[in-house]
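Student: Next up, my_file.tsv (TSV, C-alpha atoms).
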chain	number	residue	atom	x	y	z
A	1	MET	CA	-39.40	69.49	-41.52
A	2	LYS	CA	-37.49	66.25	-41.19
A	3	LYS	CA	-35.70	67.67	-38.17
A	4	LEU	CA	-38.99	68.59	-36.59
A	5	LEU	CA	-40.36	65.12	-37.15
A	6	THR	CA	-37.32	63.55	-35.55
A	7	LEU	CA	-37.67	65.90	-32.64
A	8	ALA	CA	-41.34	65.03	-32.27
A	9	ALA	CA	-40.47	61.37	-32.38
A	10	ILE	CA	-37.85	61.80	-29.68
A	11	VAL	CA	-40.23	63.73	-27.47
A	12	ALA	CA	-42.93	61.12	-27.96
A	13	LEU	CA	-40.50	58.32	-27.23
A	14	THR	CA	-39.08	59.84	-24.08
A	15	SER	CA	-42.49	60.64	-22.66
A	16	TRP	CA	-43.58	57.12	-23.51
A	17	ILE	CA	-40.57	55.68	-21.67
A	18	SER	CA	-40.95	57.87	-18.61
A	19	THR	CA	-44.67	57.26	-18.17
A	20	SER	CA	-44.76	53.67	-19.37
A	21	PRO	CA	-46.73	51.86	-16.71
A	22	ALA	CA	-45.40	48.64	-15.28
A	23	SER	CA	-46.81	45.91	-17.49
A	24	ALA	CA	-49.40	43.44	-16.27
A	25	ALA	CA	-46.81	40.67	-16.50
A	26	ASP	CA	-44.47	42.65	-14.25
A	27	ALA	CA	-47.25	43.17	-11.73
A	28	GLU	CA	-47.96	39.46	-11.67
A	29	LYS	CA	-44.29	38.72	-11.07
A	30	VAL	CA	-44.13	41.22	-8.21
A	31	TYR	CA	-47.30	39.76	-6.72
A	32	LYS	CA	-46.01	36.19	-6.87
A	33	PHE	CA	-42.65	37.12	-5.37
A	34	TYR	CA	-43.76	39.34	-2.46
A	35	CYS	CA	-47.46	38.81	-1.78
A	36	ALA	CA	-48.14	35.14	-2.57
A	37	GLN	CA	-46.17	33.97	0.48
A	38	CYS	CA	-49.22	35.00	2.55
A	39	HIS	CA	-52.05	35.74	0.13
A	40	GLY	CA	-51.41	32.64	-2.02
A	41	LEU	CA	-50.45	32.36	-5.70
A	42	THR	CA	-54.07	32.75	-6.84
A	43	GLY	CA	-54.97	35.28	-4.12
A	44	LYS	CA	-57.17	33.07	-1.97
A	45	GLY	CA	-55.31	33.98	1.23
A	46	ASP	CA	-53.69	30.55	1.43
A	47	GLY	CA	-49.92	31.09	1.08
A	48	PRO	CA	-47.40	28.84	2.86
A	49	ASN	CA	-47.18	31.22	5.83
A	50	VAL	CA	-50.81	30.67	6.73
A	51	THR	CA	-50.53	27.80	9.17
A	52	LYS	CA	-53.01	27.15	11.94
A	53	ASP	CA	-51.26	29.53	14.31
A	54	PHE	CA	-51.25	32.46	11.87
A	55	PRO	CA	-53.18	35.08	13.89
A	56	VAL	CA	-55.39	36.61	11.14
A	57	SER	CA	-56.37	35.43	7.68
A	58	PRO	CA	-54.67	37.41	4.93
A	59	ARG	CA	-57.32	39.01	2.73
A	60	ASN	CA	-58.79	36.64	0.14
A	61	PHE	CA	-58.56	38.76	-3.02
A	62	THR	CA	-61.08	36.62	-4.90
A	63	GLU	CA	-63.91	37.79	-2.64
A	64	ALA	CA	-65.30	40.62	-4.73
A	65	LYS	CA	-67.79	41.62	-2.05
A	66	GLU	CA	-65.04	42.42	0.47
A	67	MET	CA	-62.68	43.90	-2.10
A	68	ASP	CA	-65.47	46.19	-3.35
A	69	LYS	CA	-65.58	47.91	0.05
A	70	LEU	CA	-62.08	49.31	-0.56
A	71	THR	CA	-61.08	52.09	-2.94
A	72	ASP	CA	-57.92	51.85	-5.05
A	73	ALA	CA	-56.41	54.47	-2.73
A	74	ASP	CA	-57.22	52.23	0.27
A	75	LEU	CA	-55.40	49.34	-1.38
A	76	LYS	CA	-52.41	51.51	-2.21
A	77	ASN	CA	-52.18	52.86	1.33
A	78	VAL	CA	-52.30	49.50	3.05
A	79	ILE	CA	-49.71	48.04	0.67
A	80	LEU	CA	-47.33	50.95	1.25
A	81	ASP	CA	-47.82	51.43	5.00
A	82	GLY	CA	-48.98	48.03	6.26
A	83	GLY	CA	-51.94	46.77	8.28
A	84	PRO	CA	-51.62	49.06	11.35
A	85	SER	CA	-51.90	52.18	9.14
A	86	VAL	CA	-55.55	51.24	8.53
A	87	SER	CA	-56.14	49.67	11.98
A	88	LYS	CA	-55.56	46.18	10.63
A	89	SER	CA	-53.14	43.49	11.69
A	90	PRO	CA	-49.36	44.13	11.68
A	91	MET	CA	-49.06	40.74	9.96
A	92	MET	CA	-49.76	42.70	6.77
A	93	PRO	CA	-46.27	44.21	6.21
A	94	PRO	CA	-45.45	47.76	5.08
A	95	TRP	CA	-43.84	47.67	1.62
A	96	SER	CA	-42.99	51.38	1.19
A	97	LYS	CA	-39.24	50.80	1.51
A	98	THR	CA	-39.24	47.70	-0.69
A	99	LEU	CA	-41.45	48.52	-3.68
A	100	THR	CA	-41.62	51.56	-5.95
A	101	VAL	CA	-44.87	53.51	-6.22
A	102	GLU	CA	-45.17	52.25	-9.83
A	103	GLN	CA	-44.91	48.67	-8.61
A	104	VAL	CA	-47.62	49.32	-6.02
A	105	ASP	CA	-49.88	50.88	-8.67
A	106	GLY	CA	-49.32	47.76	-10.75
A	107	LEU	CA	-50.27	45.59	-7.76
A	108	VAL	CA	-53.52	47.52	-7.22
A	109	LYS	CA	-54.48	46.77	-10.83
A	110	HIS	CA	-53.44	43.16	-10.42
A	111	LEU	CA	-55.64	42.79	-7.32
A	112	ARG	CA	-58.58	44.30	-9.23
A	113	GLY	CA	-57.95	41.68	-11.88
A	114	ILE	CA	-58.09	38.91	-9.26
A	115	CYS	CA	-61.31	40.15	-7.63
A	116	LYS	CA	-62.82	41.12	-10.99
A	117	CYS	CA	-64.17	44.17	-9.21
A	118	LYS	CA	-63.78	47.93	-9.52
A	119	GLY	CA	-63.81	48.78	-5.82
A	120	LYS	CA	-65.55	51.59	-4.01
A	121	GLN	CA	-65.30	54.78	-6.04
A	122	GLY	CA	-64.07	57.97	-4.48
B	1	MET	CA	15.27	34.93	28.72
B	2	LYS	CA	12.54	32.51	29.57
B	3	ALA	CA	9.96	35.19	28.79
B	4	LEU	CA	11.61	35.83	25.45
B	5	LEU	CA	11.61	32.14	24.65
B	6	THR	CA	7.93	31.81	25.55
B	7	MET	CA	7.19	34.82	23.41
B	8	THR	CA	9.04	33.53	20.37
B	9	PHE	CA	7.42	30.17	20.85
B	10	GLY	CA	3.99	31.78	21.10
B	11	ALA	CA	4.59	33.79	17.96
B	12	ALA	CA	5.75	30.68	16.15
B	13	ILE	CA	2.54	28.86	17.07
B	14	LEU	CA	0.48	31.84	15.96
B	15	VAL	CA	2.21	31.92	12.58
B	16	ALA	CA	1.84	28.17	12.23
B	17	THR	CA	-1.88	28.21	13.01
B	18	THR	CA	-2.79	31.13	10.75
B	19	GLY	CA	-0.67	29.57	8.03
B	20	GLN	CA	-2.55	26.33	8.56
B	21	ALA	CA	-5.96	28.01	8.34
B	22	LEU	CA	-4.98	29.72	5.09
B	23	ALA	CA	-3.72	26.45	3.66
B	24	ASP	CA	-7.00	24.79	4.68
B	25	ALA	CA	-9.02	27.60	3.11
B	26	ALA	CA	-7.20	27.10	-0.19
B	27	ALA	CA	-7.69	23.33	0.04
B	28	GLY	CA	-11.34	23.98	0.92
B	29	LYS	CA	-11.83	26.11	-2.17
B	30	ALA	CA	-10.47	23.26	-4.29
B	31	VAL	CA	-12.93	20.81	-2.70
B	32	PHE	CA	-15.77	23.34	-3.08
B	33	ASP	CA	-15.12	23.57	-6.82
B	34	ALA	CA	-14.48	19.86	-7.31
B	35	LYS	CA	-17.74	18.86	-5.56
B	36	GLY	CA	-19.82	21.15	-7.76
B	37	CYS	CA	-20.82	23.44	-4.87
B	38	ALA	CA	-20.11	26.42	-7.12
B	39	ASP	CA	-22.86	25.28	-9.53
B	40	CYS	CA	-25.41	26.55	-7.04
B	41	HIS	CA	-23.50	29.02	-4.85
B	42	TYR	CA	-21.43	32.05	-5.79
B	43	THR	CA	-18.62	32.97	-3.43
B	44	GLU	CA	-17.41	36.33	-4.71
B	45	GLY	CA	-19.11	39.58	-3.73
B	46	PRO	CA	-20.59	42.04	-4.14
B	47	ALA	CA	-24.22	40.94	-4.52
B	48	ARG	CA	-25.17	40.32	-8.16
B	49	GLU	CA	-28.98	40.30	-8.00
B	50	LYS	CA	-30.69	43.34	-9.52
B	51	ILE	CA	-34.20	42.20	-10.40
B	52	ILE	CA	-36.59	39.48	-9.28
B	53	ASP	CA	-35.53	37.20	-12.16
B	54	ASP	CA	-31.90	37.27	-10.93
B	55	GLN	CA	-33.00	36.02	-7.54
B	56	LEU	CA	-35.28	33.34	-9.00
B	57	ALA	CA	-32.53	32.10	-11.34
B	58	LYS	CA	-30.32	31.13	-8.37
B	59	LYS	CA	-30.15	27.47	-7.38
B	60	GLY	CA	-28.86	28.18	-3.89
B	61	PRO	CA	-28.13	31.09	-1.54
B	62	GLU	CA	-25.05	33.25	-2.17
B	63	LEU	CA	-22.11	32.43	0.10
B	64	TRP	CA	-19.75	35.36	-0.50
B	65	TYR	CA	-20.17	36.60	3.09
B	66	ALA	CA	-20.57	33.14	4.70
B	67	GLY	CA	-17.74	33.81	7.17
B	68	SER	CA	-19.59	36.85	8.52
B	69	LYS	CA	-22.99	35.15	8.54
B	70	PHE	CA	-22.47	31.76	10.14
B	71	GLN	CA	-21.07	30.41	13.38
B	72	LYS	CA	-18.09	28.18	12.73
B	73	ASP	CA	-19.21	25.26	14.90
B	74	TRP	CA	-22.64	25.19	13.35
B	75	LEU	CA	-21.15	25.20	9.86
B	76	SER	CA	-18.83	22.29	10.69
B	77	GLY	CA	-21.81	20.19	11.72
B	78	TRP	CA	-24.14	21.26	8.94
B	79	LEU	CA	-21.75	20.47	6.09
B	80	VAL	CA	-21.63	16.79	7.08
B	81	ASP	CA	-25.30	16.63	8.11
B	82	PRO	CA	-27.25	19.34	6.25
B	83	LYS	CA	-30.73	19.55	7.80
B	84	PRO	CA	-33.28	21.83	6.09
B	85	ILE	CA	-32.96	25.54	6.98
B	86	ARG	CA	-35.79	26.86	4.82
B	87	PRO	CA	-39.08	25.03	5.49
B	88	MET	CA	-39.97	25.39	1.79
B	89	LYS	CA	-37.84	24.39	-1.19
B	90	PHE	CA	-35.49	27.22	-2.27
B	91	ASN	CA	-37.37	29.76	-4.47
B	92	ASP	CA	-40.59	27.76	-4.27
B	93	LEU	CA	-43.78	28.49	-2.34
B	94	MET	CA	-45.60	25.24	-3.03
B	95	VAL	CA	-43.09	22.45	-2.42
B	96	GLU	CA	-41.64	21.50	0.98
B	97	ASN	CA	-37.84	21.53	1.33
B	98	PRO	CA	-36.87	18.04	0.11
B	99	GLY	CA	-33.85	17.98	2.48
B	100	ASP	CA	-31.56	16.68	-0.27
B	101	HIS	CA	-28.60	19.06	0.12
B	102	PRO	CA	-25.24	17.45	-0.88
B	103	LYS	CA	-23.29	16.16	2.13
B	104	LEU	CA	-19.55	16.37	2.67
B	105	GLY	CA	-17.43	13.65	4.24
B	106	GLY	CA	-15.63	14.46	7.50
B	107	GLY	CA	-12.27	14.94	5.75
B	108	ASP	CA	-13.65	17.49	3.27
B	109	ALA	CA	-15.87	19.40	5.68
B	110	GLY	CA	-13.00	20.98	7.69
B	111	PRO	CA	-11.24	22.62	4.75
B	112	VAL	CA	-14.54	23.70	3.13
B	113	ARG	CA	-15.62	25.23	6.44
B	114	ASP	CA	-12.32	27.13	6.64
B	115	PHE	CA	-12.78	28.34	3.07
B	116	LEU	CA	-16.33	29.55	3.77
B	117	MET	CA	-15.32	31.15	7.07
B	118	SER	CA	-12.62	33.10	5.20
B	119	LEU	CA	-15.34	34.83	3.12
B	120	THR	CA	-16.17	37.88	5.20
B	121	SER	CA	-17.83	41.23	4.62
B	122	LYS	CA	-16.49	44.56	5.84
B	123	ASP	CA	-20.09	45.65	6.35
B	124	VAL	CA	-20.48	43.50	9.46
B	125	LYS	CA	-19.16	45.28	12.56
B	126	ALA	CA	-18.05	42.95	15.33
B	127	GLY	CA	-19.19	43.16	18.95
B	128	LYS	CA	-22.41	45.14	18.46
B	129	VAL	CA	-25.03	42.51	19.26
B	130	LYS	CA	-25.11	40.60	22.53
B	131	PRO	CA	-27.72	37.83	22.39
B	132	LYS	CA	-30.19	38.32	25.18
B	133	LYS	CA	-33.73	37.62	26.28
B	134	ASN	CA	-35.28	40.82	25.14
B	135	PRO	CA	-38.93	41.77	25.73
B	136	LYS	CA	-38.70	44.77	23.38
B	137	GLY	CA	-37.24	42.60	20.65
B	138	ARG	CA	-39.91	40.00	21.24
B	139	GLN	CA	-42.61	42.67	20.98
B	140	ILE	CA	-41.27	43.77	17.59
B	141	PHE	CA	-40.77	40.26	16.28
B	142	ALA	CA	-44.12	38.80	17.25
B	143	LYS	CA	-46.46	41.79	17.60
B	144	LYS	CA	-45.42	45.13	16.11
B	145	MET	CA	-43.86	43.82	12.92
B	146	PRO	CA	-44.71	40.81	10.75
B	147	CYS	CA	-41.42	38.92	11.32
B	148	SER	CA	-43.19	35.94	12.90
B	149	GLY	CA	-45.52	35.78	9.89
B	150	CYS	CA	-42.67	34.51	7.68
B	151	HIS	CA	-40.21	32.89	10.10
B	152	GLU	CA	-40.41	29.88	12.38
B	153	TYR	CA	-39.10	30.71	15.84
B	154	VAL	CA	-39.12	29.50	19.42
B	155	GLY	CA	-42.17	30.99	21.09
B	156	ARG	CA	-43.57	30.79	24.60
B	157	LYS	CA	-43.01	27.48	26.41
B	158	LYS	CA	-40.40	26.62	23.77
B	159	LYS	CA	-43.09	25.98	21.20
B	160	ILE	CA	-42.00	26.19	17.55
B	161	MET	CA	-44.35	28.52	15.71
B	162	GLY	CA	-44.49	31.14	12.95
B	163	GLY	CA	-44.56	31.34	9.15
B	164	ARG	CA	-42.74	29.24	6.58
B	165	SER	CA	-41.65	31.38	3.63
B	166	GLY	CA	-38.42	32.62	5.23
B	167	PRO	CA	-35.52	30.60	6.64
B	168	SER	CA	-36.35	29.02	10.00
B	169	LEU	CA	-34.89	31.07	12.85
B	170	VAL	CA	-35.39	28.30	15.41
B	171	GLU	CA	-31.62	27.68	15.51
B	172	ALA	CA	-30.61	31.28	14.78
B	173	GLY	CA	-28.73	31.49	18.10
B	174	ILE	CA	-26.34	28.70	17.16
B	175	ARG	CA	-26.38	29.21	13.37
B	176	LEU	CA	-26.05	32.95	12.76
B	177	ASN	CA	-23.46	35.51	13.84
B	178	PRO	CA	-25.44	37.98	16.00
B	179	ASP	CA	-23.63	40.95	14.42
B	180	TRP	CA	-24.59	39.76	10.94
B	181	ILE	CA	-28.29	39.76	11.86
B	182	LEU	CA	-28.10	43.48	12.65
B	183	ALA	CA	-26.02	44.26	9.55
B	184	TYR	CA	-28.52	42.33	7.43
B	185	LEU	CA	-31.40	44.44	8.75
B	186	GLN	CA	-29.48	47.70	8.44
B	187	LYS	CA	-27.91	47.13	5.03
B	188	PRO	CA	-30.35	45.08	2.98
B	189	LYS	CA	-28.84	46.33	-0.31
B	190	VAL	CA	-25.42	44.96	0.57
B	191	PHE	CA	-26.48	41.41	1.40
B	192	LYS	CA	-29.83	40.82	-0.33
B	193	PRO	CA	-30.79	43.53	-2.81
B	194	VAL	CA	-33.75	41.43	-4.05
B	195	LYS	CA	-35.62	39.30	-1.56
B	196	MET	CA	-39.12	38.39	-0.44
B	197	MET	CA	-38.53	39.99	2.95
B	198	PRO	CA	-39.57	43.65	3.27
B	199	VAL	CA	-36.93	46.34	3.84
B	200	PHE	CA	-37.25	47.71	7.37
B	201	VAL	CA	-34.73	50.54	7.13
B	202	GLY	CA	-36.63	53.73	7.97
B	203	LEU	CA	-39.48	51.71	9.54
B	204	LEU	CA	-37.58	50.32	12.50
B	205	SER	CA	-35.25	52.62	14.43
B	206	ASP	CA	-31.62	51.58	14.96
B	207	LYS	CA	-32.50	50.78	18.55
B	208	ASP	CA	-35.41	48.57	17.50
B	209	MET	CA	-33.16	46.79	15.01
B	210	LEU	CA	-30.62	46.16	17.74
B	211	ASN	CA	-33.30	44.83	20.11
B	212	VAL	CA	-34.84	42.52	17.55
B	213	SER	CA	-31.38	41.26	16.53
B	214	ARG	CA	-30.54	40.47	20.15
B	215	TYR	CA	-33.83	38.64	20.50
B	216	VAL	CA	-33.33	36.58	17.32
B	217	ALA	CA	-29.69	35.85	18.21
B	218	ASN	CA	-30.95	34.28	21.43
B	219	PHE	CA	-33.10	31.59	19.76
B	220	LYS	CA	-31.81	28.17	20.73
B	221	PRO	CA	-33.28	24.82	19.85
B	222	LYS	CA	-34.60	22.68	22.68
B	223	LYS	CA	-31.83	20.68	24.34
B	224	LYS	CA	-32.13	16.98	23.63
B	225	LYS	CA	-32.63	15.03	26.84
Could the structure of this file be written out as structure tokens, please?
Tutor:
Amino acid sequence: MKKLLTLAAIVALTSWISTSPASAADAEKVYKFYCAQCHGLTGKGDGPNVTKDFPVSPRNFTEAKEMDKLTDADLKNVILDGGPSVSKSPMMPPWSKTLTVEQVDGLVKHLRGICKCKGKQG
Amino acid sequence: MKALLTMTFGAAILVATTGQALADAAAGKAVFDAKGCADCHYTEGPAREKIIDDQLAKKGPELWYAGSKFQKDWLSGWLVDPKPIRPMKFNDLMVENPGDHPKLGGGDAGPVRDFLMSLTSKDVKAGKVKPKKNPKGRQIFAKKMPCSGCHEYVGRKKKIMGGRSGPSLVEAGIRLNPDWILAYLQKPKVFKPVKMMPVFVGLLSDKDMLNVSRYVANFKPKKKK
């Protein structure tokens, strides 16, 4: 019985470790390090790269109305493959070789937290 | 006989000069440590950063491959008159670069330069990148890829333009070793395992990387009149 319990505990623990989602704090750190340079620390699209000759405004993540037009899958795709993959500006970089899929999932949640919106369902 | 003499003489000079450079490198290391440079810069590879916090904990860029990264003449000048390279303060997105880097006196700068130039990386292959006006490279830098979104550069009509989160590339042609630029793009894990710049391996072909490196290596500041 005791053995079984230990086994169950181990199984539970390992599955918890392997599926443990990146924490919200991690997602915020990733956002501030990689995304804030263009989208701004609070997501208003006002990072230090956005000078007057920046060709397109980086998405303002606080605009719930705009962010609601995109599904979570849309967000994930554009983060992984960059602007041109969804016919948007190449100034939005592709991050597929830089970030893990878990980190990108964390970012999608973080962006939903900034816009306080659920996004288009589907 | 004369030929032999010239040869021996030549060899003697060669030995003397390499010996001198090594002596200067050792003296330079002593100055580097004495001036507190090592408080902010590490000079022994390989790269130590594993996670974002490691990168953010650094007070200055790593210098363990400085001899492969920089051009010697540029380094000589910069050590005595260090003008800002990054438009923003190191590891900060809100504050401008205060331009307060420690300066070295003329007597110290030579040996420190020789020390830094002795720090090379085997991952930089010499003679691959010839700086050149390069329309394909320009296309990648300013249109196809977001490079110009994060780096200042010399655009059309010599205008300085571009983003501000990355180091300015305006002087890249006199500051950086062209071959290092390519190695940096091709082997991001070796030089900068954790950085704000996206990894382009697998997104840009080797040919594209070569073109964009040649283009960047050709940036020169405006000549002063």
Student: Work out how far apart CA of Lys109 (chain A) and CA of Asp53 (chain B) are and give it in Å to one decimal.
Tutor: 21.3 Å
Student: Tell me which of A:Val101, A:Val78, A:Ala24, A:Met91 sits closest to Val50 (chain A), counting all atoms listed in the file.
Tutor: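 The closest residue to Val50 (chain A) is A:Met91.
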Student: Quick one: everything within 9 Å of region 132-147 of chain B, counting only C-alpha atoms, minus sequence neighbours fewer than 5 positions away in the same chain. Send it as a list in words.
Tutor: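 Using only C-alpha atoms, the neighbours found are Pro84, Ser89, Pro90, Met91, Met92, Pro93 and Pro94 of chain A; Gly155, Gly162, Gly163, Met197, Asp208, Met209, Leu210, Asn211, Val212, Ser213, Arg214, Tyr215, Val216, Ala217, Asn218 and Phe219 of chain B.
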Student: Just to confirm, what's the straight-line distance from CA of Arg175 (chain B) to CA of Leu204 (chain B) in Å (one decimal)?
Tutor: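 The value is 23.9 Å.
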Student: Using all atoms listed in the file, find the residues of chain A whose closest atom to chain B is at most 12 Å away, then write them as number ranges by chain.
Tutor: A: 26-42, 46-58, 79-85, 88-99
Student: Could you write those residues out with C-alpha atoms, as an mmCIF file, keeping the file's coordinate frame?
Tutor:
data_model
loop_
_atom_site.group_PDB
_atom_site.id
_atom_site.type_symbol
_atom_site.label_atom_id
_atom_site.label_comp_id
_atom_site.auth_asym_id
_atom_site.auth_seq_id
_atom_site.Cartn_x
_atom_site.Cartn_y
_atom_site.Cartn_z
ATOM 1 C CA ASP A 26 -44.470 42.650 -14.250
ATOM 2 C CA ALA A 27 -47.250 43.170 -11.730
ATOM 3 C CA GLU A 28 -47.960 39.460 -11.670
ATOM 4 C CA LYS A 29 -44.290 38.720 -11.070
ATOM 5 C CA VAL A 30 -44.130 41.220 -8.210
ATOM 6 C CA TYR A 31 -47.300 39.760 -6.720
ATOM 7 C CA LYS A 32 -46.010 36.190 -6.870
ATOM 8 C CA PHE A 33 -42.650 37.120 -5.370
ATOM 9 C CA TYR A 34 -43.760 39.340 -2.460
ATOM 10 C CA CYS A 35 -47.460 38.810 -1.780
ATOM 11 C CA ALA A 36 -48.140 35.140 -2.570
ATOM 12 C CA GLN A 37 -46.170 33.970 0.480
ATOM 13 C CA CYS A 38 -49.220 35.000 2.550
ATOM 14 C CA HIS A 39 -52.050 35.740 0.130
ATOM 15 C CA GLY A 40 -51.410 32.640 -2.020
ATOM 16 C CA LEU A 41 -50.450 32.360 -5.700
ATOM 17 C CA THR A 42 -54.070 32.750 -6.840
ATOM 18 C CA ASP A 46 -53.690 30.550 1.430
ATOM 19 C CA GLY A 47 -49.920 31.090 1.080
ATOM 20 C CA PRO A 48 -47.400 28.840 2.860
ATOM 21 C CA ASN A 49 -47.180 31.220 5.830
ATOM 22 C CA VAL A 50 -50.810 30.670 6.730
ATOM 23 C CA THR A 51 -50.530 27.800 9.170
ATOM 24 C CA LYS A 52 -53.010 27.150 11.940
ATOM 25 C CA ASP A 53 -51.260 29.530 14.310
ATOM 26 C CA PHE A 54 -51.250 32.460 11.870
ATOM 27 C CA PRO A 55 -53.180 35.080 13.890
ATOM 28 C CA VAL A 56 -55.390 36.610 11.140
ATOM 29 C CA SER A 57 -56.370 35.430 7.680
ATOM 30 C CA PRO A 58 -54.670 37.410 4.930
ATOM 31 C CA ILE A 79 -49.710 48.040 0.670
ATOM 32 C CA LEU A 80 -47.330 50.950 1.250
ATOM 33 C CA ASP A 81 -47.820 51.430 5.000
ATOM 34 C CA GLY A 82 -48.980 48.030 6.260
ATOM 35 C CA GLY A 83 -51.940 46.770 8.280
ATOM 36 C CA PRO A 84 -51.620 49.060 11.350
ATOM 37 C CA SER A 85 -51.900 52.180 9.140
ATOM 38 C CA LYS A 88 -55.560 46.180 10.630
ATOM 39 C CA SER A 89 -53.140 43.490 11.690
ATOM 40 C CA PRO A 90 -49.360 44.130 11.680
ATOM 41 C CA MET A 91 -49.060 40.740 9.960
ATOM 42 C CA MET A 92 -49.760 42.700 6.770
ATOM 43 C CA PRO A 93 -46.270 44.210 6.210
ATOM 44 C CA PRO A 94 -45.450 47.760 5.080
ATOM 45 C CA TRP A 95 -43.840 47.670 1.620
ATOM 46 C CA SER A 96 -42.990 51.380 1.190
ATOM 47 C CA LYS A 97 -39.240 50.800 1.510
ATOM 48 C CA THR A 98 -39.240 47.700 -0.690
ATOM 49 C CA LEU A 99 -41.450 48.520 -3.680
#
Student: Do you know which residues are at most 10 Å from Lys35 (chain B) counting all atoms listed in the file, after dropping those on the same chain fewer than 5 positions away, and could you put them as a PyMOL selection string?
Tutor: chain B and resi 29-30+102-104+108
Student: Just how far from CA of Lys69 (chain B) is CA of Ile160 (chain B), in Å to one decimal?
Tutor: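 So the answer is 22.9 Å.
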Student: I want to know what sits within 8 Å of Pro98 (chain B), based on all atoms listed in the file, with residues of the same chain fewer than 2 positions away left out; could you give that as a list in words?
Tutor: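 My list of contacting residues is Pro84, Lys89, Glu96 and Asp100 of chain B.
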Student: If we count all atoms listed in the file and set the cut-off at 9 Å, which residues sit around region 114-122 of chain B, ignoring sequence neighbours fewer than 4 positions away in its own chain? Please answer as JSON, numbers by chain.
Tutor: {"B": [21, 22, 24, 25, 26, 27, 28, 29, 32, 43, 44, 45, 63, 64, 65, 66, 67, 68, 69, 70, 71, 72, 75, 109, 110]}
Student: Hey, which of A:Cys115, A:Gln121, A:Asn77, A:Ser87 ends up closest to Arg59 (chain A)? Count all atoms listed in the file.
Tutor: A:Cys115
Student: Some atoms are missing, so please complete region 37-48 of chain A with N, CA, C and O atoms and return it as a CSV table (one decimal), in the coordinates of the input.
Tutor:
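Result written to part.csv:
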chain,number,residue,atom,x,y,z
A,37,GLN,N,-46.6,34.7,-0.7
A,37,GLN,CA,-46.2,34.0,0.5
A,37,GLN,C,-47.3,34.0,1.6
A,37,GLN,O,-47.3,33.0,2.4
A,38,CYS,N,-48.1,35.0,1.6
A,38,CYS,CA,-49.2,35.0,2.6
A,38,CYS,C,-50.6,34.9,1.8
A,38,CYS,O,-51.5,34.2,2.3
A,39,HIS,N,-50.7,35.7,0.8
A,39,HIS,CA,-52.0,35.7,0.1
A,39,HIS,C,-52.3,34.6,-0.9
A,39,HIS,O,-53.4,34.4,-1.4
A,40,GLY,N,-51.3,33.8,-1.1
A,40,GLY,CA,-51.4,32.6,-2.0
A,40,GLY,C,-51.2,33.0,-3.5
A,40,GLY,O,-51.5,34.2,-3.9
A,41,LEU,N,-50.8,32.1,-4.3
A,41,LEU,CA,-50.4,32.4,-5.7
A,41,LEU,C,-51.7,32.8,-6.5
A,41,LEU,O,-51.6,33.7,-7.4
A,42,THR,N,-52.9,32.3,-6.1
A,42,THR,CA,-54.1,32.8,-6.8
A,42,THR,C,-54.9,33.8,-6.0
A,42,THR,O,-56.0,34.1,-6.4
A,43,GLY,N,-54.3,34.2,-4.9
A,43,GLY,CA,-55.0,35.3,-4.1
A,43,GLY,C,-56.0,34.8,-3.1
A,43,GLY,O,-56.8,35.7,-2.6
A,44,LYS,N,-56.1,33.5,-2.9
A,44,LYS,CA,-57.2,33.1,-2.0
A,44,LYS,C,-56.8,33.2,-0.5
A,44,LYS,O,-57.6,32.8,0.4
A,45,GLY,N,-55.7,33.8,-0.2
A,45,GLY,CA,-55.3,34.0,1.2
A,45,GLY,C,-54.7,32.7,1.8
A,45,GLY,O,-54.8,32.5,3.0
A,46,ASP,N,-54.1,31.9,1.0
A,46,ASP,CA,-53.7,30.6,1.4
A,46,ASP,C,-52.2,30.3,1.1
A,46,ASP,O,-51.8,29.2,0.7
A,47,GLY,N,-51.4,31.3,1.3
A,47,GLY,CA,-49.9,31.1,1.1
A,47,GLY,C,-49.3,30.2,2.2
A,47,GLY,O,-50.0,29.9,3.1
A,48,PRO,N,-48.0,29.8,1.9
A,48,PRO,CA,-47.4,28.8,2.9
A,48,PRO,C,-47.2,29.4,4.3
A,48,PRO,O,-47.0,28.6,5.2
